[in-house]
>>> print(open('my_file_20.csv').read())   # CSV, C-alpha atoms
chain,number,residue,atom,x,y,z
G,1,MET,CA,-6.0,28.4,80.5
G,2,PRO,CA,-5.7,24.7,79.9
G,3,HIS,CA,-5.1,23.4,76.5
G,4,ALA,CA,-6.4,20.3,74.8
G,5,ASP,CA,-2.9,19.0,73.9
G,6,ILE,CA,-2.0,19.3,77.6
G,7,ALA,CA,-5.1,17.6,78.9
G,8,GLY,CA,-4.0,14.1,77.9
G,9,VAL,CA,-4.6,14.4,74.2
G,10,GLU,CA,-2.0,13.7,71.6
G,11,ALA,CA,-1.8,16.9,69.6
G,12,THR,CA,0.1,15.2,66.7
G,13,PRO,CA,-2.4,13.5,64.4
G,14,ARG,CA,-1.9,9.8,63.8
G,15,THR,CA,-2.2,10.3,60.1
G,16,ARG,CA,-0.9,13.4,58.3
G,17,LEU,CA,-3.7,15.9,57.7
G,18,ARG,CA,-4.2,17.1,54.2
G,19,TRP,CA,-5.9,20.3,53.1
G,20,TRP,CA,-8.1,18.5,50.6
G,21,THR,CA,-9.6,16.4,53.4
G,22,GLU,CA,-9.7,19.3,56.0
G,23,LEU,CA,-11.4,21.8,53.7
G,24,PRO,CA,-14.4,19.6,52.9
G,25,LEU,CA,-14.7,18.8,56.6
G,26,ILE,CA,-14.8,22.4,57.6
G,27,LEU,CA,-17.3,23.3,54.9
G,28,LEU,CA,-19.5,20.3,55.9
G,29,VAL,CA,-19.5,21.4,59.6
G,30,TYR,CA,-20.3,25.0,58.7
G,31,ALA,CA,-23.1,23.8,56.3
G,32,CYS,CA,-24.6,21.7,59.1
G,33,TYR,CA,-24.2,24.6,61.5
G,34,SER,CA,-26.0,27.0,59.1
G,35,ALA,CA,-28.8,24.5,58.4
G,36,GLY,CA,-29.2,23.9,62.1
G,37,ARG,CA,-29.6,27.6,62.8
G,38,LEU,CA,-32.4,27.7,60.3
G,39,LEU,CA,-34.1,24.6,61.7
G,40,ALA,CA,-33.8,26.0,65.2
G,41,ARG,CA,-36.2,28.9,64.6
G,42,GLY,CA,-38.5,29.1,67.5
G,43,ASP,CA,-41.7,30.9,68.2
G,44,VAL,CA,-41.3,34.7,67.9
G,45,SER,CA,-43.3,35.4,71.1
G,46,HIS,CA,-41.0,32.9,73.0
G,47,ALA,CA,-37.9,34.6,71.6
G,48,VAL,CA,-39.2,38.0,72.7
G,49,ASP,CA,-39.9,36.7,76.1
G,50,HIS,CA,-36.4,35.3,76.4
G,51,GLY,CA,-34.9,38.6,75.3
G,52,LEU,CA,-36.9,40.6,77.9
G,53,ALA,CA,-36.0,38.1,80.6
G,54,ILE,CA,-32.3,38.7,79.8
G,55,LEU,CA,-32.8,42.4,80.1
G,56,ASP,CA,-34.5,41.9,83.5
G,57,ILE,CA,-31.6,39.8,84.7
G,58,GLU,CA,-29.1,42.4,83.6
G,59,LYS,CA,-31.1,45.1,85.3
G,60,ALA,CA,-31.1,43.1,88.6
G,61,LEU,CA,-27.4,42.7,88.3
G,62,TYR,CA,-26.9,46.4,87.4
G,63,LEU,CA,-25.6,45.5,84.0
G,64,ASN,CA,-26.6,47.9,81.2
G,65,ALA,CA,-23.8,48.3,78.8
G,66,GLU,CA,-26.0,47.8,75.7
G,67,HIS,CA,-28.0,51.1,75.9
G,68,PRO,CA,-25.0,53.6,76.2
G,69,LEU,CA,-23.0,51.8,73.5
G,70,ASN,CA,-26.0,51.6,71.1
G,71,ARG,CA,-26.7,55.3,71.6
G,72,LEU,CA,-23.0,56.1,70.8
G,73,PHE,CA,-23.0,53.9,67.7
G,74,THR,CA,-26.3,55.5,66.5
G,75,ARG,CA,-25.1,59.1,67.1
G,76,GLU,CA,-21.6,58.8,65.6
G,77,PRO,CA,-21.5,57.3,62.1
G,78,TRP,CA,-17.7,57.2,62.2
G,79,ILE,CA,-18.0,54.6,64.9
G,80,GLY,CA,-21.3,52.9,63.9
G,81,VAL,CA,-20.4,52.3,60.3
G,82,PRO,CA,-17.0,50.6,60.9
G,83,ALA,CA,-18.6,48.6,63.7
G,84,ASP,CA,-21.2,47.3,61.3
G,85,PHE,CA,-18.5,46.3,58.9
G,86,TRP,CA,-16.7,44.6,61.7
G,87,TYR,CA,-19.8,42.6,62.7
G,88,ALA,CA,-20.8,41.7,59.2
G,89,SER,CA,-17.4,40.5,57.9
G,90,LEU,CA,-14.6,39.7,60.4
G,91,HIS,CA,-16.5,36.9,62.0
G,92,TYR,CA,-16.3,35.0,58.6
G,93,LEU,CA,-12.8,36.1,57.6
G,94,VAL,CA,-10.5,36.1,60.6
G,95,THR,CA,-11.5,32.6,61.9
G,96,PRO,CA,-10.8,30.8,58.6
G,97,VAL,CA,-7.6,32.7,58.1
G,98,LEU,CA,-6.4,31.6,61.5
G,99,LEU,CA,-7.4,28.0,60.8
G,100,VAL,CA,-5.3,28.0,57.7
G,101,TRP,CA,-2.4,29.7,59.5
G,102,ILE,CA,-2.4,27.1,62.3
G,103,PHE,CA,-2.7,24.3,59.7
G,104,ARG,CA,0.4,25.5,57.8
G,105,SER,CA,2.6,26.7,60.6
G,106,ARG,CA,1.5,24.8,63.7
G,107,THR,CA,0.4,21.5,62.2
G,108,VAL,CA,0.8,19.5,65.4
G,109,ARG,CA,-1.6,21.9,67.2
G,110,TYR,CA,-4.1,22.2,64.4
G,111,ARG,CA,-6.2,19.1,65.2
G,112,ALA,CA,-6.9,20.2,68.8
G,113,ALA,CA,-7.6,23.8,67.8
G,114,ARG,CA,-10.0,22.7,65.0
G,115,THR,CA,-11.8,20.2,67.3
G,116,TRP,CA,-12.2,22.9,70.0
G,117,LEU,CA,-13.8,25.3,67.5
G,118,MET,CA,-16.1,22.7,66.1
G,119,THR,CA,-17.2,21.3,69.5
G,120,SER,CA,-18.0,24.8,70.8
G,121,THR,CA,-19.9,25.7,67.7
G,122,PHE,CA,-22.2,22.7,68.0
G,123,ILE,CA,-22.8,23.5,71.7
G,124,GLY,CA,-23.8,26.9,70.6
G,125,LEU,CA,-26.2,25.4,68.1
G,126,ILE,CA,-27.8,23.5,71.0
G,127,GLY,CA,-28.3,26.9,72.7
G,128,PHE,CA,-30.0,28.4,69.7
G,129,THR,CA,-32.4,25.4,69.6
G,130,LEU,CA,-33.3,25.4,73.3
G,131,LEU,CA,-33.3,29.2,73.9
G,132,PRO,CA,-34.3,31.2,70.8
G,133,THR,CA,-33.7,34.8,71.8
G,134,CYS,CA,-34.9,38.1,70.3
G,135,PRO,CA,-31.8,40.4,69.9
G,136,PRO,CA,-32.1,44.0,71.2
G,137,ARG,CA,-32.4,45.4,67.7
G,138,LEU,CA,-35.7,43.5,67.1
G,139,LEU,CA,-37.4,44.5,70.3
G,140,ALA,CA,-40.1,47.2,70.2
G,141,GLY,CA,-38.8,50.8,69.9
G,142,SER,CA,-40.0,51.5,73.4
G,143,TYR,CA,-37.1,49.6,74.8
G,144,GLY,CA,-34.6,52.1,73.4
G,145,PHE,CA,-32.6,50.1,70.9
G,146,VAL,CA,-31.7,51.1,67.4
G,147,ASP,CA,-30.7,48.7,64.7
G,148,THR,CA,-27.5,50.3,63.4
G,149,MET,CA,-27.2,47.8,60.6
G,150,ALA,CA,-30.5,49.0,59.3
G,151,GLN,CA,-29.6,52.6,59.9
G,152,TYR,CA,-26.3,52.4,58.0
G,153,SER,CA,-27.4,49.8,55.4
G,154,SER,CA,-26.7,52.1,52.6
G,155,TYR,CA,-23.0,52.0,53.5
G,156,GLY,CA,-22.5,48.3,53.1
G,157,TRP,CA,-23.8,45.1,51.4
G,158,TRP,CA,-26.1,44.1,54.2
G,159,GLY,CA,-29.8,44.8,54.2
G,160,GLY,CA,-32.1,46.1,56.9
G,161,GLU,CA,-33.1,42.7,58.1
G,162,ALA,CA,-29.8,41.2,59.1
G,163,SER,CA,-26.1,41.2,58.5
G,164,ALA,CA,-26.6,38.9,55.5
G,165,PRO,CA,-26.3,40.4,52.0
G,166,LYS,CA,-29.3,42.4,50.7
G,167,GLY,CA,-32.2,40.1,49.8
G,168,LEU,CA,-30.9,37.2,51.8
G,169,GLY,CA,-32.1,38.2,55.2
G,170,GLY,CA,-34.6,35.3,55.2
G,171,MET,CA,-31.8,32.8,54.9
G,172,THR,CA,-30.6,33.6,58.5
G,173,ASN,CA,-32.1,32.9,61.9
G,174,GLN,CA,-32.3,36.3,63.5
G,175,TYR,CA,-33.3,34.7,66.8
G,176,ALA,CA,-30.0,32.7,67.2
G,177,ALA,CA,-28.6,35.3,69.6
G,178,MET,CA,-27.9,33.2,72.8
G,179,PRO,CA,-25.0,32.5,73.0
G,180,SER,CA,-23.1,35.0,70.9
G,181,LEU,CA,-20.7,32.9,68.7
G,182,HIS,CA,-19.4,36.2,67.3
G,183,VAL,CA,-17.8,36.6,70.8
G,184,GLY,CA,-17.1,32.9,71.1
G,185,TRP,CA,-15.2,32.6,67.8
G,186,ALA,CA,-13.4,35.9,68.5
G,187,LEU,CA,-12.2,34.5,71.9
G,188,TRP,CA,-10.9,31.4,70.1
G,189,CYS,CA,-9.0,33.6,67.7
G,190,GLY,CA,-7.6,35.6,70.6
G,191,VAL,CA,-6.3,32.4,72.3
G,192,MET,CA,-4.7,31.2,69.1
G,193,LEU,CA,-3.0,34.5,68.5
G,194,TRP,CA,-1.8,34.7,72.1
G,195,ARG,CA,-0.5,31.2,72.2
G,196,TYR,CA,1.1,30.9,68.8
G,197,GLY,CA,1.7,34.4,67.6
G,198,GLY,CA,5.0,35.0,69.2
G,199,THR,CA,5.2,38.8,68.7
G,200,ARG,CA,4.1,41.8,70.7
G,201,LEU,CA,1.7,42.8,67.9
G,202,THR,CA,-0.1,39.4,67.9
G,203,LYS,CA,-0.4,39.6,71.7
G,204,VAL,CA,-2.1,43.0,71.4
G,205,ALA,CA,-4.4,41.6,68.6
G,206,ALA,CA,-5.2,38.6,70.8
G,207,VAL,CA,-6.6,40.8,73.5
G,208,ALA,CA,-8.1,43.6,71.3
G,209,TYR,CA,-10.0,41.4,68.8
G,210,PRO,CA,-12.3,39.6,71.3
G,211,LEU,CA,-12.7,42.7,73.4
G,212,ILE,CA,-13.7,45.0,70.4
G,213,THR,CA,-16.0,42.3,69.1
G,214,THR,CA,-17.8,42.2,72.4
G,215,ILE,CA,-18.3,45.9,72.3
G,216,VAL,CA,-19.4,45.8,68.7
G,217,VAL,CA,-22.1,43.1,69.2
G,218,MET,CA,-23.6,45.2,72.0
G,219,GLY,CA,-23.3,48.6,70.3
G,220,THR,CA,-24.9,47.4,67.1
G,221,ALA,CA,-27.8,46.0,69.2
G,222,ASN,CA,-27.2,42.4,67.9
G,223,HIS,CA,-26.5,40.9,71.3
G,224,TYR,CA,-27.0,41.4,75.0
G,225,PHE,CA,-24.1,41.4,77.4
G,226,LEU,CA,-25.2,38.0,78.8
G,227,ASP,CA,-25.1,36.7,75.2
G,228,ALA,CA,-21.4,37.6,75.1
G,229,VAL,CA,-20.9,35.9,78.5
G,230,ALA,CA,-22.6,32.8,77.3
G,231,GLY,CA,-20.5,32.8,74.1
G,232,ALA,CA,-17.3,32.8,76.3
G,233,ALA,CA,-18.8,30.0,78.5
G,234,VAL,CA,-19.6,27.9,75.4
G,235,MET,CA,-15.9,28.2,74.3
G,236,GLY,CA,-14.8,27.1,77.8
G,237,ALA,CA,-17.1,24.1,77.7
G,238,GLY,CA,-15.8,23.2,74.2
G,239,LEU,CA,-12.2,23.4,75.4
G,240,LEU,CA,-13.0,21.0,78.3
G,241,LEU,CA,-14.8,18.5,76.0
G,242,THR,CA,-12.1,18.6,73.3
G,243,PRO,CA,-9.9,15.9,74.8
G,244,TYR,CA,-12.9,13.5,75.0
G,245,VAL,CA,-14.0,14.3,71.5
G,246,MET,CA,-10.6,13.6,70.1
G,247,ARG,CA,-10.2,10.3,72.0
G,248,THR,CA,-13.6,9.2,70.8
G,249,ALA,CA,-12.6,10.0,67.3
G,250,ASP,CA,-9.4,8.0,67.7
G,251,ARG,CA,-11.4,5.0,69.1
G,252,VAL,CA,-13.8,5.1,66.1
G,253,ARG,CA,-10.9,5.3,63.7
G,254,ALA,CA,-9.1,2.4,65.4
G,255,ARG,CA,-12.3,0.3,65.4
G,256,PHE,CA,-12.8,0.8,61.7
G,257,GLY,CA,-9.1,0.0,61.2
G,258,ALA,CA,-9.4,-3.2,63.1
G,259,VAL,CA,-12.3,-4.3,60.9
G,260,ALA,CA,-10.2,-3.6,57.8
G,261,ALA,CA,-7.1,-5.3,59.2
G,262,PRO,CA,-8.2,-9.0,58.8
G,263,VAL,CA,-8.8,-8.4,55.1
G,264,SER,CA,-5.4,-7.0,54.6
G,265,THR,CA,-3.8,-9.8,56.7
G,266,ALA,CA,-5.5,-12.4,54.6
G,267,SER,CA,-4.3,-10.9,51.4
G,268,VAL,CA,-0.7,-10.8,52.7
G,269,GLY,CA,-1.0,-14.5,53.8
G,270,THR,CA,-2.2,-15.5,50.4
G,271,VAL,CA,0.8,-13.8,48.8
G,272,ALA,CA,3.2,-15.4,51.3
G,273,ARG,CA,1.8,-18.8,50.7
G,274,GLY,CA,2.1,-18.3,46.9
G,275,ALA,CA,5.7,-17.3,47.3
G,276,ASP,CA,6.4,-20.4,49.5
G,277,ALA,CA,4.8,-22.6,46.8
G,278,MET,CA,7.0,-21.1,44.2
G,279,VAL,CA,10.1,-21.7,46.2
G,280,THR,CA,9.3,-25.2,47.3
G,281,SER,CA,8.3,-26.3,43.8
G,282,GLY,CA,11.7,-25.6,42.3
G,283,VAL,CA,13.8,-28.6,41.1
G,284,GLY,CA,17.4,-29.2,40.7
G,285,ALA,CA,18.5,-27.8,44.1
G,286,LYS,CA,21.8,-29.0,45.3
G,287,VAL,CA,21.7,-30.7,48.7
G,288,ALA,CA,24.9,-31.4,50.6
G,289,SER,CA,24.6,-34.7,52.4
G,290,GLY,CA,26.4,-35.6,55.7
G,291,SER,CA,29.0,-37.6,53.8
G,292,GLY,CA,30.0,-34.7,51.6
G,293,THR,CA,28.1,-36.0,48.7
G,294,THR,CA,26.1,-33.6,46.6
G,295,VAL,CA,22.6,-34.8,45.8
G,296,THR,CA,20.2,-33.3,43.4
G,297,SER,CA,16.7,-33.2,44.8
G,298,GLY,CA,13.6,-32.9,42.6
G,299,SER,CA,11.2,-33.0,45.5
G,300,ALA,CA,9.4,-30.1,47.2
G,301,ASP,CA,11.6,-30.5,50.3
G,302,ALA,CA,14.7,-29.0,48.6
G,303,SER,CA,14.1,-25.7,50.3
G,304,SER,CA,14.3,-27.2,53.8
G,305,SER,CA,17.4,-26.7,56.0
G,306,ILE,CA,20.3,-29.1,55.5
G,307,VAL,CA,22.6,-30.3,58.2
G,308,SER,CA,26.2,-30.6,56.8
G,309,GLY,CA,29.2,-31.2,58.9
G,310,GLY,CA,27.4,-30.1,62.1
G,311,CYS,CA,26.5,-26.7,60.7
G,312,GLN,CA,23.1,-25.5,59.6
G,313,THR,CA,23.2,-24.5,56.0
G,314,SER,CA,20.7,-23.8,53.2
G,315,ALA,CA,20.7,-25.3,49.7
G,316,GLY,CA,23.6,-24.1,47.7
G,317,GLU,CA,25.4,-22.4,50.6
G,318,ARG,CA,29.0,-23.3,51.5
G,319,ILE,CA,30.5,-23.2,54.9
G,320,PRO,CA,33.2,-20.5,55.2
G,321,ARG,CA,36.7,-21.8,54.4
G,322,GLN,CA,35.2,-25.0,53.0
G,323,ARG,CA,37.0,-26.4,49.9
G,324,GLU,CA,35.6,-28.4,47.1
G,325,SER,CA,36.6,-32.1,47.1
G,326,ARG,CA,39.1,-33.0,44.5
G,327,PHE,CA,37.4,-36.3,44.1
G,328,GLY,CA,34.5,-36.9,41.9
G,329,SER,CA,30.9,-36.8,43.1
G,330,GLY,CA,30.2,-39.8,45.3
G,331,ALA,CA,33.9,-40.7,45.7
G,332,GLU,CA,35.5,-41.0,49.1
G,333,PRO,CA,39.0,-39.7,49.7
G,334,SER,CA,41.4,-42.5,50.8
G,335,ALA,CA,43.1,-40.3,53.5
G,336,SER,CA,42.8,-37.0,55.1
G,337,PRO,CA,44.8,-34.2,53.5
G,338,GLN,CA,46.9,-34.1,56.7
G,339,ASP,CA,47.4,-37.8,56.9
G,340,ALA,CA,50.0,-39.6,54.7
G,341,GLY,CA,48.5,-43.0,55.4
G,342,ASP,CA,50.9,-44.1,58.1
G,343,GLY,CA,49.6,-41.8,60.8
G,344,ALA,CA,52.3,-39.2,60.2
G,345,PRO,CA,51.5,-35.7,59.1
G,346,ALA,CA,51.8,-35.2,55.4
G,347,PRO,CA,54.8,-33.1,54.3
G,348,ALA,CA,54.1,-29.4,53.7
G,349,ARG,CA,53.3,-28.6,50.1
>>> encode(input="my_file_20.csv", output="structure tokens")
Amino acid sequence: MPHADIAGVEATPRTRLRWWTELPLILLVYACYSAGRLLARGDVSHAVDHGLAILDIEKALYLNAEHPLNRLFTREPWIGVPADFWYASLHYLVTPVLLVWIFRSRTVRYRAARTWLMTSTFIGLIGFTLLPTCPPRLLAGSYGFVDTMAQYSSYGWWGGEASAPKGLGGMTNQYAAMPSLHVGWALWCGVMLWRYGGTRLTKVAAVAYPLITTIVVMGTANHYFLDAVAGAAVMGAGLLLTPYVMRTADRVRARFGAVAAPVSTASVGTVARGADAMVTSGVGAKVASGSGTTVTSGSADASSSIVSGGCQTSAGERIPRQRESRFGSGAEPSASPQDAGDGAPAPAR
């Protein structure tokens, strides 16, 4: 399976990710997702029609895994009750735990993994909006499905209406069944465990978790088999779109950075000009003239480069191996130290 960091996307974030910025982002995305599910409630009759259409398609394709699994879960509480706990809890526990684990131990891979999950989730939200679907458990009893979560509600915290806590069933959209993000998120978790786990146990969990989740969503009559297939397809689409989403985010970040850059540059220029003014306004700088005379300059040009003896020097700097003149300031030596006056070399001292 291709990975976002292989498909031309730089996995390492340009700026170091911090948990106090990532956590609000995750919570904001989940809040938008939950609100979108509620706003995506469609007409009940249309949702029922879509559910029955899915059953007809599965019948034409000789797919009927939901009925035998649902009968097994209904008949055997030792299977049905754990399955209901699995459906009601792990979806909201395993995914955040894996996000935190990748953030802490695989930081360079975290951004691509998080973007893949978020992109797929929003694609699923589009599916809920365009195709509200009645799950098997809410169809008429003549279709042969039993709501195991209602049957075993006394064992858990959920009520008879949905997997939400008792009394909060109205806070969920029970017709947000196509695609199944229970299966989609479980598939994401499986890929993360397989790719980054590194042990045989994590490899087994990577295969078992999405597979068992797929069986659970059908056995509890919460999803059709094609819902599970659609959930996997949504994750595949999200994986393909992740590189483009990340590049778009980088461009937006770069554009906002380019807008802020001129302000910062102007501030730096102001400071630099102020520093130059402080340097050039100084007085009393010693300037070595071409004749060897030291001149005190009180003008603003004292910081400019001085030419002395054919070498470029700055104010106050001495050429290496240069000796101070033994004559007073402004006095000219009568002869070179190596000239005795008659053209002969001076005797060694």
>>> closest_residue(input="my_file_20.csv", among="G:Arg104, G:His50, G:Arg111, G:Arg71", to="Phe128 of chain G", atoms="all atoms listed in the file")
G:His50
>>> closest_residue(input="my_file_20.csv", among="G:Thr199, G:Ser142, G:Thr95, G:Gln151", to="Glu76 of chain G", atoms="only C-alpha atoms")
G:Gln151
>>> atom_distance(input="my_file_20.csv", atom1="atom CA of Tyr209 of chain G", atom2="atom CA of Pro132 of chain G")
26.4 Å
>>> atom_distance(input="my_file_20.csv", atom1="atom CA of Leu72 of chain G", atom2="atom CA of Gly219 of chain G")
7.5 Å
>>> residues_around(input="my_file_20.csv", residues="Trp116 of chain G", least_positions_apart="4", cutoff="6 Å", atoms="all atoms listed in the file", output="ChimeraX atom specification")
/G:238-239,242
>>> closest_residue(input="my_file_20.csv", among="G:Ala60, G:Leu125, G:Ala83, G:Val245", to="Thr214 of chain G", atoms="all atoms listed in the file")
G:Ala83
>>> atom_distance(input="my_file_20.csv", atom1="atom CA of Asn222 of chain G", atom2="atom CA of Pro136 of chain G")
6.1 Å
>>> closest_residue(input="my_file_20.csv", among="G:Leu69, G:Ala113, G:Val44, G:Leu211", to="Tyr175 of chain G", atoms="all atoms listed in the file")
G:Val44
>>> residues_around(input="my_file_20.csv", residues="Ala140 of chain G", least_positions_apart="6", cutoff="12 Å", atoms="all atoms listed in the file", output="PDB file with C-alpha atoms, in the coordinates of the input")
ATOM      1  CA  VAL G  48     -39.200  38.000  72.700  1.00  0.00           C
ATOM      2  CA  GLY G  51     -34.900  38.600  75.300  1.00  0.00           C
ATOM      3  CA  LEU G  52     -36.900  40.600  77.900  1.00  0.00           C
ATOM      4  CA  CYS G 134     -34.900  38.100  70.300  1.00  0.00           C
ATOM      5  CA  VAL G 146     -31.700  51.100  67.400  1.00  0.00           C
ATOM      6  CA  ASP G 147     -30.700  48.700  64.700  1.00  0.00           C
TER       7      ASP G 147
END
>>> closest_residue(input="my_file_20.csv", among="G:Met246, G:Leu130, G:Met118, G:Ala208", to="His46 of chain G", atoms="only C-alpha atoms")
G:Leu130
>>> closest_residue(input="my_file_20.csv", among="G:Leu63, G:Ile123, G:Val94, G:Ile102", to="Leu187 of chain G", atoms="all atoms listed in the file")
G:Val94
